[in-house]
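Trainee: To be precise about what I am sending: the file is called protein_12.pdb and holds PDB, C-alpha atoms.
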```
ATOM      1  CA  MET A  29     -10.866 -26.269  47.735
ATOM      2  CA  ALA A  30     -14.225 -25.432  46.205
ATOM      3  CA  SER A  31     -14.351 -24.485  42.558
ATOM      4  CA  PRO A  32     -16.155 -21.303  41.545
ATOM      5  CA  ALA A  33     -19.521 -21.490  39.837
ATOM      6  CA  LEU A  34     -19.588 -21.241  36.064
ATOM      7  CA  GLY A  35     -21.387 -17.907  36.181
ATOM      8  CA  SER A  36     -18.557 -16.270  38.118
ATOM      9  CA  LEU A  37     -15.848 -17.091  35.570
ATOM     10  CA  SER A  38     -14.905 -14.300  33.210
ATOM     11  CA  ALA A  39     -12.809 -14.437  30.057
ATOM     12  CA  ALA A  40     -10.825 -11.281  30.804
ATOM     13  CA  PRO A  41     -10.336  -9.186  33.912
ATOM     14  CA  GLU A  42     -12.262  -5.938  34.061
ATOM     15  CA  ARG A  43     -10.150  -2.939  33.077
ATOM     16  CA  SER A  44     -10.434   0.472  34.662
ATOM     17  CA  GLY A  45     -11.024   3.521  32.509
ATOM     18  CA  VAL A  46      -8.527   5.694  34.426
ATOM     19  CA  PRO A  47      -5.900   5.814  31.623
ATOM     20  CA  ASP A  48      -8.583   6.706  29.082
ATOM     21  CA  VAL A  49      -9.929   9.528  31.253
ATOM     22  CA  ALA A  50      -6.427  10.805  31.990
ATOM     23  CA  GLY A  51      -5.509  10.766  28.292
ATOM     24  CA  ALA A  52      -8.685  12.619  27.348
ATOM     25  CA  ALA A  53      -8.004  15.186  30.068
ATOM     26  CA  VAL A  54      -4.433  15.756  28.845
ATOM     27  CA  LEU A  55      -5.574  16.152  25.230
ATOM     28  CA  GLY A  56      -8.356  18.507  26.329
ATOM     29  CA  CYS A  57      -5.846  20.578  28.307
ATOM     30  CA  CYS A  58      -3.533  20.742  25.280
ATOM     31  CA  ALA A  59      -6.352  21.977  23.059
ATOM     32  CA  GLY A  60      -7.506  24.460  25.714
ATOM     33  CA  TRP A  61      -3.978  25.826  26.180
ATOM     34  CA  VAL A  62      -3.589  26.374  22.432
ATOM     35  CA  LEU A  63      -6.890  28.249  22.274
ATOM     36  CA  LEU A  64      -6.014  30.281  25.374
ATOM     37  CA  CYS A  65      -2.642  31.281  23.941
ATOM     38  CA  ALA A  66      -4.195  32.234  20.597
ATOM     39  CA  ALA A  67      -7.003  34.313  22.138
ATOM     40  CA  GLY A  68      -6.750  38.045  21.446
ATOM     41  CA  ARG A  69      -3.806  37.655  19.083
ATOM     42  CA  ASP A  70      -3.332  37.356  15.402
ATOM     43  CA  ALA A  71      -2.376  33.672  15.879
ATOM     44  CA  ARG A  72      -3.569  30.721  13.851
ATOM     45  CA  PRO A  73      -3.878  27.653  16.124
ATOM     46  CA  GLU A  74      -5.337  25.334  13.491
ATOM     47  CA  GLY A  75      -2.106  23.394  12.982
ATOM     48  CA  VAL A  76      -1.664  22.560  16.655
ATOM     49  CA  LEU A  77      -5.351  21.741  17.048
ATOM     50  CA  LEU A  78      -5.122  19.399  14.067
ATOM     51  CA  ALA A  79      -2.094  17.744  15.674
ATOM     52  CA  VAL A  80      -4.054  17.228  18.913
ATOM     53  CA  LEU A  81      -6.949  15.820  16.869
ATOM     54  CA  ALA A  82      -4.553  13.478  15.020
ATOM     55  CA  VAL A  83      -3.161  12.178  18.321
ATOM     56  CA  ALA A  84      -6.697  11.585  19.625
ATOM     57  CA  ALA A  85      -7.698   9.814  16.400
ATOM     58  CA  GLY A  86      -4.568   7.655  16.493
ATOM     59  CA  TYR A  87      -5.290   6.683  20.085
ATOM     60  CA  ALA A  88      -8.898   5.818  19.250
ATOM     61  CA  CYS A  89      -7.836   3.728  16.240
ATOM     62  CA  GLY A  90      -5.296   1.927  18.409
ATOM     63  CA  ARG A  91      -7.935   1.120  21.009
ATOM     64  CA  ILE A  92     -10.385  -0.100  18.363
ATOM     65  CA  GLY A  93      -7.683  -2.114  16.599
ATOM     66  CA  GLY A  94      -6.587  -3.653  19.887
ATOM     67  CA  SER A  95     -10.109  -4.782  20.673
ATOM     68  CA  LEU A  96     -10.569  -6.212  17.163
ATOM     69  CA  LEU A  97      -7.187  -7.959  17.075
ATOM     70  CA  PRO A  98      -8.423 -11.237  18.617
ATOM     71  CA  VAL A  99     -10.998 -11.432  15.826
ATOM     72  CA  ALA A 100      -8.907 -10.047  12.985
ATOM     73  CA  THR A 101      -5.944 -12.393  13.433
ATOM     74  CA  PRO A 102      -7.779 -15.698  12.742
ATOM     75  CA  ALA A 103      -9.853 -14.027  10.028
ATOM     76  CA  GLY A 104      -6.701 -12.752   8.337
ATOM     77  CA  ALA A 105      -5.083 -16.176   8.649
ATOM     78  CA  ALA A 106      -8.151 -17.813   7.108
ATOM     79  CA  LEU A 107      -8.165 -15.311   4.244
ATOM     80  CA  ALA A 108      -4.437 -15.799   3.633
ATOM     81  CA  GLY A 109      -4.865 -19.580   3.644
ATOM     82  CA  LEU A 110      -7.788 -19.395   1.227
ATOM     83  CA  VAL A 111      -5.889 -17.113  -1.149
ATOM     84  CA  SER A 112      -2.844 -19.380  -0.939
ATOM     85  CA  LEU A 113      -4.991 -22.430  -1.634
ATOM     86  CA  LEU A 114      -6.777 -20.826  -4.581
ATOM     87  CA  LEU A 115      -3.582 -19.458  -6.134
ATOM     88  CA  SER A 116      -1.540 -22.650  -5.771
ATOM     89  CA  PRO A 117      -0.287 -23.954  -9.119
ATOM     90  CA  VAL A 118      -1.971 -27.031 -10.504
ATOM     91  CA  PHE A 119       0.290 -29.795 -11.773
ATOM     92  CA  PRO A 120      -0.485 -30.852 -15.338
ATOM     93  CA  LEU A 121      -1.889 -34.376 -15.396
ATOM     94  CA  PRO A 122      -0.721 -36.428 -18.384
ATOM     95  CA  ASP A 123      -3.784 -38.708 -18.522
ATOM     96  CA  PRO A 124      -7.166 -38.979 -16.754
ATOM     97  CA  SER A 125      -6.122 -42.040 -14.753
ATOM     98  CA  ALA A 126      -3.179 -40.166 -13.195
ATOM     99  CA  THR A 127      -3.610 -38.561  -9.807
ATOM    100  CA  VAL A 128      -2.028 -35.662  -8.013
ATOM    101  CA  PRO A 129       1.116 -36.764  -6.138
ATOM    102  CA  ALA A 130       0.333 -37.817  -2.574
ATOM    103  CA  GLY A 131       2.495 -35.134  -0.983
ATOM    104  CA  ARG A 132       0.809 -32.366  -2.948
ATOM    105  CA  ALA A 133      -2.701 -33.594  -2.196
ATOM    106  CA  GLY A 134      -1.859 -33.973   1.493
ATOM    107  CA  ALA A 135      -0.386 -30.468   1.664
ATOM    108  CA  GLU A 136      -3.416 -28.918  -0.016
ATOM    109  CA  ALA A 137      -5.796 -30.868   2.222
ATOM    110  CA  ALA A 138      -3.872 -29.761   5.311
ATOM    111  CA  LEU A 139      -3.974 -26.141   4.147
ATOM    112  CA  ALA A 140      -7.722 -26.402   3.541
ATOM    113  CA  VAL A 141      -8.280 -27.852   7.023
ATOM    114  CA  LEU A 142      -6.131 -25.148   8.662
ATOM    115  CA  THR A 143      -7.980 -22.452   6.725
ATOM    116  CA  ALA A 144     -11.357 -23.808   7.792
ATOM    117  CA  GLY A 145     -10.157 -24.039  11.404
ATOM    118  CA  ALA A 146      -8.924 -20.448  11.375
ATOM    119  CA  ALA A 147     -12.218 -19.286   9.887
ATOM    120  CA  CYS A 148     -14.129 -21.116  12.632
ATOM    121  CA  CYS A 149     -12.070 -19.406  15.329
TER
END
```
Please express the file's structure as structure tokens.
Mentor:
Amino acid sequence: MASPALGSLSAAPERSGVPDVAGAAVLGCCAGWVLLCAAGRDARPEGVLLAVLAVAAGYACGRIGGSLLPVATPAGAALAGLVSLLLSPVFPLPDPSATVPAGRAGAEAALAVLTAGAACC
């Protein structure tokens, strides 16, 4: 079986925009219906229009957040590791020839390596 060329490999399958178009059409129809029902009356459709706008904004934020999630997760992990490393308590050393216990130094070194790895991702 022949393997595909490197140029034909893609990281993620291509998504169709049908759900996005359908969602925009439904929200547009909701806003249009509210305006149609309020036309020629003493109605105030601002509340319903703001609700439709809030739903659209929530959907857009969800889409943006979903596309940023693969980047934000390692960045958040790196930031959490750095904060944890910087805020870790320092053991008092009785004299200059004393060293940090081996377990503590190993744990802090491992946390520093994991933080750097998450930042590189």
Trainee: Take CA of Leu115 (chain A) and CA of Cys148 (chain A) and report the distance between them in Å, one decimal.
Mentor: 21.6 Å
Trainee: Could you tell me how far CA of Gly104 (chain A) lies from CA of Ala138 (chain A), in Å and to one decimal?
Mentor: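 Between CA of Gly104 (chain A) and CA of Ala138 (chain A) the gap is 17.5 Å.
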Trainee: Excluding region 69-83 of chain A and residues on its chain fewer than 5 positions from it, collect all residues at most 9 Å away from it, counting all atoms listed in the file, and give them as a list of chain:residue names.
Mentor: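 Result of the neighbour search: A:Leu55, A:Gly56, A:Cys58, A:Ala59, A:Val62, A:Leu63, A:Ala88.
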Trainee: List every protein, DNA or RNA residue with an atom no more than 10 Å from (-11.9, -19.0, 13.8) in the file's coordinates, counting all atoms listed in the file, and format the result as a list in words.
Mentor: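 These residues have at least one counted atom within 10 Å: Pro98, Val99, Ala100, Thr101, Pro102, Ala103, Gly104, Ala105, Ala106, Leu142, Thr143, Ala144, Gly145, Ala146, Ala147, Cys148 and Cys149 of chain A.
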Trainee: Could those selected residues go to a file with C-alpha atoms, as an mmCIF file, in the frame of the given file?
Mentor:
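Saved file selection_18.cif follows:
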```cif
data_model
loop_
_atom_site.group_PDB
_atom_site.id
_atom_site.type_symbol
_atom_site.label_atom_id
_atom_site.label_comp_id
_atom_site.auth_asym_id
_atom_site.auth_seq_id
_atom_site.Cartn_x
_atom_site.Cartn_y
_atom_site.Cartn_z
ATOM 1 C CA PRO A 98 -8.423 -11.237 18.617
ATOM 2 C CA VAL A 99 -10.998 -11.432 15.826
ATOM 3 C CA ALA A 100 -8.907 -10.047 12.985
ATOM 4 C CA THR A 101 -5.944 -12.393 13.433
ATOM 5 C CA PRO A 102 -7.779 -15.698 12.742
ATOM 6 C CA ALA A 103 -9.853 -14.027 10.028
ATOM 7 C CA GLY A 104 -6.701 -12.752 8.337
ATOM 8 C CA ALA A 105 -5.083 -16.176 8.649
ATOM 9 C CA ALA A 106 -8.151 -17.813 7.108
ATOM 10 C CA LEU A 142 -6.131 -25.148 8.662
ATOM 11 C CA THR A 143 -7.980 -22.452 6.725
ATOM 12 C CA ALA A 144 -11.357 -23.808 7.792
ATOM 13 C CA GLY A 145 -10.157 -24.039 11.404
ATOM 14 C CA ALA A 146 -8.924 -20.448 11.375
ATOM 15 C CA ALA A 147 -12.218 -19.286 9.887
ATOM 16 C CA CYS A 148 -14.129 -21.116 12.632
ATOM 17 C CA CYS A 149 -12.070 -19.406 15.329
#
```
Trainee: Between CA of Gly45 (chain A) and CA of Gly86 (chain A), what is the spacing in Å?
Mentor: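 Between these atoms lies a distance of 17.8 Å.
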Trainee: Could you spell out the hits of the PyMOL selection byres ((chain A and resi 113) around 10) on the shown file, as an NGL selection string?
Mentor: :A and (107-112 or 114-117 or 135-137 or 139-140 or 143)
Trainee: Hey, can you spit out that residue selection with C-alpha atoms as a tab-separated table (two decimals), in the coordinates of the input?
Mentor:
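File produced: again_26.tsv:
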```tsv
chain	number	residue	atom	x	y	z
A	107	LEU	CA	-8.16	-15.31	4.24
A	108	ALA	CA	-4.44	-15.80	3.63
A	109	GLY	CA	-4.86	-19.58	3.64
A	110	LEU	CA	-7.79	-19.40	1.23
A	111	VAL	CA	-5.89	-17.11	-1.15
A	112	SER	CA	-2.84	-19.38	-0.94
A	114	LEU	CA	-6.78	-20.83	-4.58
A	115	LEU	CA	-3.58	-19.46	-6.13
A	116	SER	CA	-1.54	-22.65	-5.77
A	117	PRO	CA	-0.29	-23.95	-9.12
A	135	ALA	CA	-0.39	-30.47	1.66
A	136	GLU	CA	-3.42	-28.92	-0.02
A	137	ALA	CA	-5.80	-30.87	2.22
A	139	LEU	CA	-3.97	-26.14	4.15
A	140	ALA	CA	-7.72	-26.40	3.54
A	143	THR	CA	-7.98	-22.45	6.72
```
